[in-house]
Amino acid sequence: MNDQAQRLAGRLLLHEELQLSEPEMTHYLATNKLTALSPFLKNFLSLQCRRCGNKQRHLFGEMPCSNCKKTHAYCRKCINMGRVMACTPLYWWTGPKPVWPQLAHPMVWSGQLTPAQQKASNCIYHAIKTGQASLLIHAVCGAGKTEMLFEGIAFALKSQKRICLATPRADVVRELLPRFEQAFLGVEIVGLYGGNGAHQQTGQLTIATTHQLLRYQHAFDVMIIDEVDAFPYHADPSLPYATKRAQTQQATTIYLTATPREKRLKRLPTIFVPVRYHGYPLPIPQLKIVPLFDHSHGLTSLWTWYKGRTDPNRQLLIFTATIKQANQLFPVIKRRYPDQRVMLVHANDAERIDKVRQFRDKQLDILITTTILERGVTFPSVDVVVLQADHHVFDQAALVQIAGRAGRDPKDPNGDVIFIYSGKTRAIAHAVRAIKRMNKKAGF
Amino acid sequence: MQLHVIEEPTCDYCGRNDLGVCNDCNRWRPHMLINKNRAVYRYNPFLKDLITRFKYRGDYILIEALSLMIKQTFITAYSKLPKKTVLVPIPLSSKRLQNRGFNQAEAIAKCLPYPTVQLLRRTEGEKQAKKNRKQRLTMKNPFELMDQVDAELIILIDDIYTTGATIHHAAQILKENGYRNISSFTLVR
């Protein structure tokens, strides 16, 4: 029974996602261990999808259903996670609460925190212990946010709480999962992101993309939201809806960010960590302006900088605004630097995971990418170039994050960050100002 | 990448317009099972995504975006049809129909101005999309007749014509049961 409770508790699932046999199903429903909930909430005239919170009329479709022989509504917004439609309920576990293994010392991580990290770590620990409702950790890129969480998480695990670490990107889930598995031994940890097929497993500690939380309801006692201000979390209302619903009533929410911009966030109790864990300042972006009708589109600037870069052994990350631009740039770079191993990666790339891993293993020298690698991923020693930094996809938060990819390793705490653009945008100016301000606060 | 409407087919049998007459058709033609196939769109990655969303994810109303083009193509490809023309959508197995909630071939047939009759039944089987060319061409016929209709012309309706195996299996069953005049119409070739 506890197996089923662990697997199903706190989740809001479609019939086919339950993966229960017919007799089990009937038994659980008859004994009220499983409750069928109506898939849509009906208000006066509007519909709301129970799973994703969608209320917009154009995101509901109608279909003639061959099962119930009626024409009825279905939700188009969350259809990629399996169709929610009017004649099929969502199931919700109302049986016994799951019992997680009692662990005396779940944490085996023995690294040393810097004083700044320790301070933040203590605050997180305290917030979880006292059941504080929310806490914002504002830490610069490379401050070592993950390590700051360990003590708090260890405490929560010991007190049999259920924890979720939600992040906007699948790449980040893939990167964090092994780190947590090393740090916590004997704990059931599960990593969830679209298409990894693991959404049948559950654990006491869940690391998931925010989208996966659409399948949860009242599950987590501690919710850690990484990169709260990153796309798509702040752009898609169903994600805050899902994260809120995935928490229990007395849950502690910990927000992590390097660039708080929403007013709402600024009002939360905040801990600011201005220093990187290795104690060196953030690299300040160098700005290179090119004429608007420059026929090389800023590439001449790139070639000049490349010739004179401070450390030619570093790998190079080139950010472009669009996939199209990345595709155009790829052959040009390849021709220009024939002895360098160049690769291109974007969101629709089937080999994306592989390419990022190759870059991390130093099997590649230059990686051209769109904003998908803007945050969360760590490469030890890179230079960063942003082409067309005045494009609207590069907002202030994105630019600060991109600049934060450089100089992550204590062995190479510097790294060139180059913004190439033809018109200075507010985002560029504010990003540079924000980086300087953070360095100043850290005492540089 | 976008929708590519097939305006003038190069192969007068299967209705494709990218290659001339194709090998598959040379294999089917001597069997004289169908008069011809016509399709609305050419298969490309964009359409693949669209079909995935429509058929596998089940976003039914996407058909509305295509219905006008489906109707127009049908009317141009099949002008002057006999009065007793009947559309027969390729059926799904009952299990698959239960999963999907609708039959995509029926959805396509609904866009067209002729009566739809469910003449065929499909026995349980592997997904066609999961089989390779050889498996498709050598498999046993998955259809059986479940009804009778008085029709001068039957037009089989399906979503995708790839090797033509599905359409020809269905046509064979109809032919064996005395229907002489059979054509087919698909969304994609």
# chains A, B, ... in the order shown; residues from 1 in each chain; ligands from 1
>>> residues_around(residues="B:Thr76", least_positions_apart="4", cutoff="12 Å", atoms="only C-alpha atoms", output="list in words")
Ile6, Glu7, Glu8, Pro9, Arg38, Ala39, Val40, Met69, Ile70, Lys71, Gln72, Lys80, Leu81 and Phe185 of chain B
>>> interface_residues(of="chain B", to="chain A", cutoff="7 Å", atoms="only C-alpha atoms", output="list in words")
Arg57, Gly58, Asp59, Tyr60, Ile61, Gln98, Gly101 and Phe102 of chain B
>>> closest_residue(among="A:Gly404, A:Gly194, A:Pro101, A:Pro269", to="A:Ala127", atoms="only C-alpha atoms")
A:Pro269
>>> atom_distance(atom1="atom CA of A:Asn348", atom2="atom CA of A:Leu373")
13.0 Å
>>> atom_distance(atom1="atom CA of A:Cys123", atom2="atom CA of A:Gly144")
15.0 Å
>>> residues_around(residues="A:Asn313", least_positions_apart="2", cutoff="12 Å", atoms="only C-alpha atoms", output="list of chain:residue names")
A:Tyr306, A:Arg309, A:Thr310, A:Asp311, A:Gln315, A:Leu316, A:Gln340, A:Lys362, A:Leu364, A:Asp365, A:Ile366, A:Pro380, A:Ser381, A:Val382, A:Asp383, A:Asp412, A:Gly415
>>> write_last_selection(atoms="N, CA, C and O atoms", output="JSON list (two decimals), in the first residue's frame")
[["chain", "number", "residue", "atom", "x", "y", "z"],
["A", 306, "TYR", "N", 38.55, 37.78, -31.33],
["A", 306, "TYR", "CA", 39.01, 36.40, -31.25],
["A", 306, "TYR", "C", 40.53, 36.32, -31.37],
["A", 306, "TYR", "O", 41.19, 35.54, -30.69],
["A", 309, "ARG", "N", 42.15, 37.45, -27.97],
["A", 309, "ARG", "CA", 41.51, 37.11, -26.70],
["A", 309, "ARG", "C", 42.53, 36.67, -25.66],
["A", 309, "ARG", "O", 43.59, 36.11, -25.99],
["A", 310, "THR", "N", 42.15, 36.91, -24.38],
["A", 310, "THR", "CA", 43.14, 36.79, -23.31],
["A", 310, "THR", "C", 43.66, 35.37, -23.12],
["A", 310, "THR", "O", 44.82, 35.17, -22.86],
["A", 311, "ASP", "N", 42.77, 34.40, -23.28],
["A", 311, "ASP", "CA", 43.22, 33.02, -23.08],
["A", 311, "ASP", "C", 42.67, 32.14, -24.19],
["A", 311, "ASP", "O", 41.51, 31.74, -24.15],
["A", 315, "GLN", "N", 37.13, 27.61, -24.03],
["A", 315, "GLN", "CA", 36.10, 27.29, -25.02],
["A", 315, "GLN", "C", 35.28, 28.55, -25.27],
["A", 315, "GLN", "O", 35.30, 29.48, -24.46],
["A", 316, "LEU", "N", 34.55, 28.54, -26.37],
["A", 316, "LEU", "CA", 33.79, 29.74, -26.73],
["A", 316, "LEU", "C", 32.31, 29.40, -26.91],
["A", 316, "LEU", "O", 31.96, 28.45, -27.60],
["A", 340, "GLN", "N", 39.14, 24.48, -35.55],
["A", 340, "GLN", "CA", 38.39, 24.41, -34.29],
["A", 340, "GLN", "C", 37.18, 23.49, -34.49],
["A", 340, "GLN", "O", 36.61, 23.43, -35.56],
["A", 362, "LYS", "N", 34.77, 18.99, -23.26],
["A", 362, "LYS", "CA", 35.82, 19.63, -24.05],
["A", 362, "LYS", "C", 36.10, 18.90, -25.36],
["A", 362, "LYS", "O", 37.23, 18.92, -25.86],
["A", 364, "LEU", "N", 34.46, 19.84, -27.90],
["A", 364, "LEU", "CA", 34.16, 20.89, -28.85],
["A", 364, "LEU", "C", 34.85, 22.17, -28.39],
["A", 364, "LEU", "O", 35.09, 22.35, -27.20],
["A", 365, "ASP", "N", 35.20, 23.03, -29.35],
["A", 365, "ASP", "CA", 35.84, 24.29, -28.98],
["A", 365, "ASP", "C", 34.86, 25.45, -29.00],
["A", 365, "ASP", "O", 34.89, 26.34, -28.17],
["A", 366, "ILE", "N", 34.00, 25.45, -30.01],
["A", 366, "ILE", "CA", 33.07, 26.56, -30.15],
["A", 366, "ILE", "C", 31.65, 26.00, -30.22],
["A", 366, "ILE", "O", 31.39, 25.07, -30.98],
["A", 380, "PRO", "N", 33.25, 24.99, -17.17],
["A", 380, "PRO", "CA", 34.30, 25.55, -16.32],
["A", 380, "PRO", "C", 34.98, 26.79, -16.90],
["A", 380, "PRO", "O", 35.12, 27.78, -16.22],
["A", 381, "SER", "N", 35.39, 26.73, -18.14],
["A", 381, "SER", "CA", 36.24, 27.82, -18.62],
["A", 381, "SER", "C", 35.81, 28.25, -20.01],
["A", 381, "SER", "O", 36.21, 27.66, -20.99],
["A", 382, "VAL", "N", 34.97, 29.28, -20.08],
["A", 382, "VAL", "CA", 34.48, 29.71, -21.39],
["A", 382, "VAL", "C", 34.57, 31.23, -21.55],
["A", 382, "VAL", "O", 34.58, 31.97, -20.58],
["A", 383, "ASP", "N", 34.68, 31.65, -22.80],
["A", 383, "ASP", "CA", 34.41, 33.02, -23.18],
["A", 383, "ASP", "C", 33.01, 33.05, -23.76],
["A", 383, "ASP", "O", 32.55, 32.06, -24.33],
["A", 412, "ASP", "N", 40.01, 29.28, -13.24],
["A", 412, "ASP", "CA", 39.95, 30.30, -14.28],
["A", 412, "ASP", "C", 38.76, 31.22, -14.00],
["A", 412, "ASP", "O", 37.72, 31.12, -14.64],
["A", 415, "GLY", "N", 36.90, 35.51, -17.64],
["A", 415, "GLY", "CA", 36.43, 35.03, -18.94],
["A", 415, "GLY", "C", 35.95, 36.27, -19.65],
["A", 415, "GLY", "O", 35.39, 37.16, -19.02]]
>>> residues_around(residues="B:Asn44", least_positions_apart="2", cutoff="9 Å", atoms="only C-alpha atoms", output="PyMOL selection string")
chain B and resi 1-4+41-42+46-49
>>> write_last_selection(atoms="N, CA, C and O atoms", output="short mmCIF file (atom, residue, chain, number, x, y, z; two decimals), in the first residue's frame")
data_model
loop_
_atom_site.label_atom_id
_atom_site.label_comp_id
_atom_site.auth_asym_id
_atom_site.auth_seq_id
_atom_site.Cartn_x
_atom_site.Cartn_y
_atom_site.Cartn_z
N MET B 1 9.09 26.38 -43.07
CA MET B 1 8.39 25.16 -43.48
C MET B 1 6.90 25.32 -43.27
O MET B 1 6.46 25.81 -42.25
N GLN B 2 6.13 24.98 -44.23
CA GLN B 2 4.68 25.12 -44.08
C GLN B 2 3.94 24.06 -44.89
O GLN B 2 4.53 23.12 -45.38
N LEU B 3 2.63 24.26 -45.02
CA LEU B 3 1.81 23.30 -45.74
C LEU B 3 2.12 23.40 -47.23
O LEU B 3 2.22 24.48 -47.79
N HIS B 4 2.26 22.25 -47.86
CA HIS B 4 2.53 22.22 -49.29
C HIS B 4 1.35 21.54 -49.97
O HIS B 4 1.16 20.33 -49.85
N TYR B 41 -2.14 17.34 -49.20
CA TYR B 41 -0.84 17.93 -48.90
C TYR B 41 0.28 16.94 -49.14
O TYR B 41 0.10 15.73 -49.03
N ARG B 42 1.44 17.52 -49.41
CA ARG B 42 2.64 16.69 -49.50
C ARG B 42 3.19 16.51 -48.08
O ARG B 42 3.10 17.39 -47.24
N PHE B 46 6.71 19.84 -41.27
CA PHE B 46 5.66 20.68 -40.67
C PHE B 46 4.37 19.88 -40.55
O PHE B 46 3.72 19.86 -39.50
N LEU B 47 4.03 19.18 -41.61
CA LEU B 47 2.81 18.40 -41.61
C LEU B 47 2.91 17.24 -40.63
O LEU B 47 1.93 16.85 -40.01
N LYS B 48 4.11 16.73 -40.49
CA LYS B 48 4.31 15.64 -39.54
C LYS B 48 3.94 16.11 -38.13
O LYS B 48 3.23 15.42 -37.41
N ASP B 49 4.43 17.31 -37.76
CA ASP B 49 4.09 17.86 -36.45
C ASP B 49 2.60 18.09 -36.31
O ASP B 49 2.01 17.85 -35.26
#
>>> select_by_dssp(residues="stretch 349-416 of chain A", states="strand (DSSP E)", output="VMD selection string")
chain A and resid 366 to 369 382 to 386
>>> decode(residues="stretch 1-50 of chain A", atoms="N, CA and C atoms", output="PDB file, in the first residue's frame")
ATOM      1  N   MET A   1       0.829  -1.202   0.000  1.00  0.00           N
ATOM      2  CA  MET A   1       0.000   0.000   0.000  1.00  0.00           C
ATOM      3  C   MET A   1       0.861   1.249   0.000  1.00  0.00           C
ATOM      4  N   ASN A   2       1.912   1.209   0.831  1.00  0.00           N
ATOM      5  CA  ASN A   2       2.772   2.387   0.876  1.00  0.00           C
ATOM      6  C   ASN A   2       3.428   2.662  -0.477  1.00  0.00           C
ATOM      7  N   ASP A   3       3.700   1.578  -1.216  1.00  0.00           N
ATOM      8  CA  ASP A   3       4.258   1.746  -2.565  1.00  0.00           C
ATOM      9  C   ASP A   3       3.335   2.595  -3.426  1.00  0.00           C
ATOM     10  N   GLN A   4       2.042   2.207  -3.431  1.00  0.00           N
ATOM     11  CA  GLN A   4       1.070   2.955  -4.235  1.00  0.00           C
ATOM     12  C   GLN A   4       0.932   4.369  -3.698  1.00  0.00           C
ATOM     13  N   ALA A   5       0.930   4.502  -2.372  1.00  0.00           N
ATOM     14  CA  ALA A   5       0.792   5.839  -1.778  1.00  0.00           C
ATOM     15  C   ALA A   5       1.959   6.719  -2.206  1.00  0.00           C
ATOM     16  N   GLN A   6       3.170   6.151  -2.157  1.00  0.00           N
ATOM     17  CA  GLN A   6       4.343   6.933  -2.576  1.00  0.00           C
ATOM     18  C   GLN A   6       4.237   7.334  -4.032  1.00  0.00           C
ATOM     19  N   ARG A   7       3.714   6.398  -4.827  1.00  0.00           N
ATOM     20  CA  ARG A   7       3.684   6.659  -6.260  1.00  0.00           C
ATOM     21  C   ARG A   7       2.582   7.644  -6.641  1.00  0.00           C
ATOM     22  N   LEU A   8       1.450   7.559  -5.948  1.00  0.00           N
ATOM     23  CA  LEU A   8       0.289   8.316  -6.417  1.00  0.00           C
ATOM     24  C   LEU A   8      -0.047   9.551  -5.580  1.00  0.00           C
ATOM     25  N   ALA A   9       0.406   9.582  -4.340  1.00  0.00           N
ATOM     26  CA  ALA A   9       0.003  10.690  -3.471  1.00  0.00           C
ATOM     27  C   ALA A   9       0.445  12.030  -4.036  1.00  0.00           C
ATOM     28  N   GLY A  10      -0.433  12.990  -3.922  1.00  0.00           N
ATOM     29  CA  GLY A  10      -0.094  14.336  -4.341  1.00  0.00           C
ATOM     30  C   GLY A  10      -0.115  14.546  -5.837  1.00  0.00           C
ATOM     31  N   ARG A  11      -0.654  13.559  -6.570  1.00  0.00           N
ATOM     32  CA  ARG A  11      -0.619  13.721  -8.010  1.00  0.00           C
ATOM     33  C   ARG A  11      -2.034  13.779  -8.577  1.00  0.00           C
ATOM     34  N   LEU A  12      -2.122  14.414  -9.703  1.00  0.00           N
ATOM     35  CA  LEU A  12      -3.401  14.615 -10.369  1.00  0.00           C
ATOM     36  C   LEU A  12      -3.239  13.975 -11.738  1.00  0.00           C
ATOM     37  N   LEU A  13      -3.810  12.771 -11.916  1.00  0.00           N
ATOM     38  CA  LEU A  13      -3.447  12.005 -13.104  1.00  0.00           C
ATOM     39  C   LEU A  13      -4.646  11.586 -13.944  1.00  0.00           C
ATOM     40  N   LEU A  14      -4.370  11.402 -15.223  1.00  0.00           N
ATOM     41  CA  LEU A  14      -5.356  10.832 -16.127  1.00  0.00           C
ATOM     42  C   LEU A  14      -5.401   9.331 -15.922  1.00  0.00           C
ATOM     43  N   HIS A  15      -6.478   8.725 -16.401  1.00  0.00           N
ATOM     44  CA  HIS A  15      -6.654   7.288 -16.226  1.00  0.00           C
ATOM     45  C   HIS A  15      -5.436   6.503 -16.696  1.00  0.00           C
ATOM     46  N   GLU A  16      -4.933   6.838 -17.908  1.00  0.00           N
ATOM     47  CA  GLU A  16      -3.821   6.043 -18.447  1.00  0.00           C
ATOM     48  C   GLU A  16      -2.510   6.314 -17.715  1.00  0.00           C
ATOM     49  N   GLU A  17      -2.429   7.443 -17.019  1.00  0.00           N
ATOM     50  CA  GLU A  17      -1.199   7.730 -16.277  1.00  0.00           C
ATOM     51  C   GLU A  17      -1.139   6.997 -14.938  1.00  0.00           C
ATOM     52  N   LEU A  18      -2.299   6.541 -14.457  1.00  0.00           N
ATOM     53  CA  LEU A  18      -2.330   5.842 -13.177  1.00  0.00           C
ATOM     54  C   LEU A  18      -1.596   4.521 -13.254  1.00  0.00           C
ATOM     55  N   GLN A  19      -1.701   3.871 -14.401  1.00  0.00           N
ATOM     56  CA  GLN A  19      -1.123   2.545 -14.612  1.00  0.00           C
ATOM     57  C   GLN A  19      -1.544   1.563 -13.532  1.00  0.00           C
ATOM     58  N   LEU A  20      -2.848   1.506 -13.321  1.00  0.00           N
ATOM     59  CA  LEU A  20      -3.408   0.529 -12.387  1.00  0.00           C
ATOM     60  C   LEU A  20      -4.260  -0.444 -13.194  1.00  0.00           C
ATOM     61  N   SER A  21      -4.345  -1.690 -12.713  1.00  0.00           N
ATOM     62  CA  SER A  21      -5.203  -2.646 -13.406  1.00  0.00           C
ATOM     63  C   SER A  21      -6.660  -2.337 -13.061  1.00  0.00           C
ATOM     64  N   GLU A  22      -7.581  -2.842 -13.875  1.00  0.00           N
ATOM     65  CA  GLU A  22      -9.003  -2.557 -13.659  1.00  0.00           C
ATOM     66  C   GLU A  22      -9.471  -2.929 -12.243  1.00  0.00           C
ATOM     67  N   PRO A  23      -9.157  -4.163 -11.748  1.00  0.00           N
ATOM     68  CA  PRO A  23      -9.600  -4.494 -10.385  1.00  0.00           C
ATOM     69  C   PRO A  23      -9.017  -3.554  -9.320  1.00  0.00           C
ATOM     70  N   GLU A  24      -7.732  -3.211  -9.463  1.00  0.00           N
ATOM     71  CA  GLU A  24      -7.126  -2.274  -8.509  1.00  0.00           C
ATOM     72  C   GLU A  24      -7.875  -0.948  -8.506  1.00  0.00           C
ATOM     73  N   MET A  25      -8.126  -0.445  -9.740  1.00  0.00           N
ATOM     74  CA  MET A  25      -8.859   0.791  -9.926  1.00  0.00           C
ATOM     75  C   MET A  25     -10.177   0.782  -9.157  1.00  0.00           C
ATOM     76  N   THR A  26     -11.004  -0.252  -9.455  1.00  0.00           N
ATOM     77  CA  THR A  26     -12.332  -0.319  -8.830  1.00  0.00           C
ATOM     78  C   THR A  26     -12.199  -0.400  -7.318  1.00  0.00           C
ATOM     79  N   HIS A  27     -11.215  -1.193  -6.867  1.00  0.00           N
ATOM     80  CA  HIS A  27     -11.029  -1.336  -5.425  1.00  0.00           C
ATOM     81  C   HIS A  27     -10.685   0.015  -4.779  1.00  0.00           C
ATOM     82  N   TYR A  28      -9.739   0.717  -5.359  1.00  0.00           N
ATOM     83  CA  TYR A  28      -9.312   1.993  -4.778  1.00  0.00           C
ATOM     84  C   TYR A  28     -10.423   3.026  -4.808  1.00  0.00           C
ATOM     85  N   LEU A  29     -11.187   3.011  -5.905  1.00  0.00           N
ATOM     86  CA  LEU A  29     -12.281   3.982  -6.000  1.00  0.00           C
ATOM     87  C   LEU A  29     -13.374   3.655  -4.991  1.00  0.00           C
ATOM     88  N   ALA A  30     -13.661   2.344  -4.824  1.00  0.00           N
ATOM     89  CA  ALA A  30     -14.719   1.928  -3.904  1.00  0.00           C
ATOM     90  C   ALA A  30     -14.337   2.227  -2.456  1.00  0.00           C
ATOM     91  N   THR A  31     -13.039   2.122  -2.146  1.00  0.00           N
ATOM     92  CA  THR A  31     -12.611   2.354  -0.766  1.00  0.00           C
ATOM     93  C   THR A  31     -12.171   3.802  -0.558  1.00  0.00           C
ATOM     94  N   ASN A  32     -12.489   4.631  -1.520  1.00  0.00           N
ATOM     95  CA  ASN A  32     -12.158   6.054  -1.415  1.00  0.00           C
ATOM     96  C   ASN A  32     -10.667   6.349  -1.272  1.00  0.00           C
ATOM     97  N   LYS A  33      -9.847   5.434  -1.732  1.00  0.00           N
ATOM     98  CA  LYS A  33      -8.419   5.724  -1.702  1.00  0.00           C
ATOM     99  C   LYS A  33      -8.052   6.581  -2.894  1.00  0.00           C
ATOM    100  N   LEU A  34      -8.889   6.477  -3.905  1.00  0.00           N
ATOM    101  CA  LEU A  34      -8.672   7.262  -5.107  1.00  0.00           C
ATOM    102  C   LEU A  34      -9.969   8.027  -5.358  1.00  0.00           C
ATOM    103  N   THR A  35      -9.858   9.290  -5.662  1.00  0.00           N
ATOM    104  CA  THR A  35     -11.049  10.084  -5.912  1.00  0.00           C
ATOM    105  C   THR A  35     -11.016  10.587  -7.347  1.00  0.00           C
ATOM    106  N   ALA A  36     -12.160  10.476  -8.010  1.00  0.00           N
ATOM    107  CA  ALA A  36     -12.247  11.002  -9.366  1.00  0.00           C
ATOM    108  C   ALA A  36     -12.731  12.446  -9.281  1.00  0.00           C
ATOM    109  N   LEU A  37     -11.974  13.347  -9.870  1.00  0.00           N
ATOM    110  CA  LEU A  37     -12.332  14.759  -9.835  1.00  0.00           C
ATOM    111  C   LEU A  37     -12.773  15.192 -11.221  1.00  0.00           C
ATOM    112  N   SER A  38     -13.727  16.098 -11.269  1.00  0.00           N
ATOM    113  CA  SER A  38     -14.173  16.572 -12.580  1.00  0.00           C
ATOM    114  C   SER A  38     -13.015  17.291 -13.257  1.00  0.00           C
ATOM    115  N   PRO A  39     -12.825  17.053 -14.547  1.00  0.00           N
ATOM    116  CA  PRO A  39     -11.647  17.607 -15.224  1.00  0.00           C
ATOM    117  C   PRO A  39     -11.736  19.108 -15.430  1.00  0.00           C
ATOM    118  N   PHE A  40     -12.937  19.629 -15.501  1.00  0.00           N
ATOM    119  CA  PHE A  40     -13.090  21.066 -15.709  1.00  0.00           C
ATOM    120  C   PHE A  40     -13.870  21.682 -14.564  1.00  0.00           C
ATOM    121  N   LEU A  41     -13.464  22.850 -14.168  1.00  0.00           N
ATOM    122  CA  LEU A  41     -14.208  23.584 -13.158  1.00  0.00           C
ATOM    123  C   LEU A  41     -15.135  24.528 -13.904  1.00  0.00           C
ATOM    124  N   LYS A  42     -16.410  24.447 -13.593  1.00  0.00           N
ATOM    125  CA  LYS A  42     -17.349  25.311 -14.299  1.00  0.00           C
ATOM    126  C   LYS A  42     -17.698  26.490 -13.421  1.00  0.00           C
ATOM    127  N   ASN A  43     -17.383  27.660 -13.884  1.00  0.00           N
ATOM    128  CA  ASN A  43     -17.860  28.855 -13.225  1.00  0.00           C
ATOM    129  C   ASN A  43     -19.073  29.313 -14.011  1.00  0.00           C
ATOM    130  N   PHE A  44     -19.580  30.468 -13.714  1.00  0.00           N
ATOM    131  CA  PHE A  44     -20.833  30.929 -14.301  1.00  0.00           C
ATOM    132  C   PHE A  44     -20.946  30.580 -15.790  1.00  0.00           C
ATOM    133  N   LEU A  45     -20.084  31.170 -16.618  1.00  0.00           N
ATOM    134  CA  LEU A  45     -20.149  30.823 -18.037  1.00  0.00           C
ATOM    135  C   LEU A  45     -18.832  30.246 -18.539  1.00  0.00           C
ATOM    136  N   SER A  46     -17.811  30.359 -17.722  1.00  0.00           N
ATOM    137  CA  SER A  46     -16.502  29.969 -18.235  1.00  0.00           C
ATOM    138  C   SER A  46     -16.102  28.596 -17.732  1.00  0.00           C
ATOM    139  N   LEU A  47     -15.169  28.015 -18.440  1.00  0.00           N
ATOM    140  CA  LEU A  47     -14.611  26.728 -18.067  1.00  0.00           C
ATOM    141  C   LEU A  47     -13.191  26.951 -17.572  1.00  0.00           C
ATOM    142  N   GLN A  48     -12.735  26.094 -16.664  1.00  0.00           N
ATOM    143  CA  GLN A  48     -11.326  26.133 -16.312  1.00  0.00           C
ATOM    144  C   GLN A  48     -10.812  24.708 -16.259  1.00  0.00           C
ATOM    145  N   CYS A  49      -9.658  24.487 -16.887  1.00  0.00           N
ATOM    146  CA  CYS A  49      -9.060  23.153 -16.855  1.00  0.00           C
ATOM    147  C   CYS A  49      -8.468  22.925 -15.481  1.00  0.00           C
ATOM    148  N   ARG A  50      -8.842  21.833 -14.854  1.00  0.00           N
ATOM    149  CA  ARG A  50      -8.363  21.593 -13.499  1.00  0.00           C
ATOM    150  C   ARG A  50      -6.849  21.368 -13.482  1.00  0.00           C
TER     151      ARG A  50
END
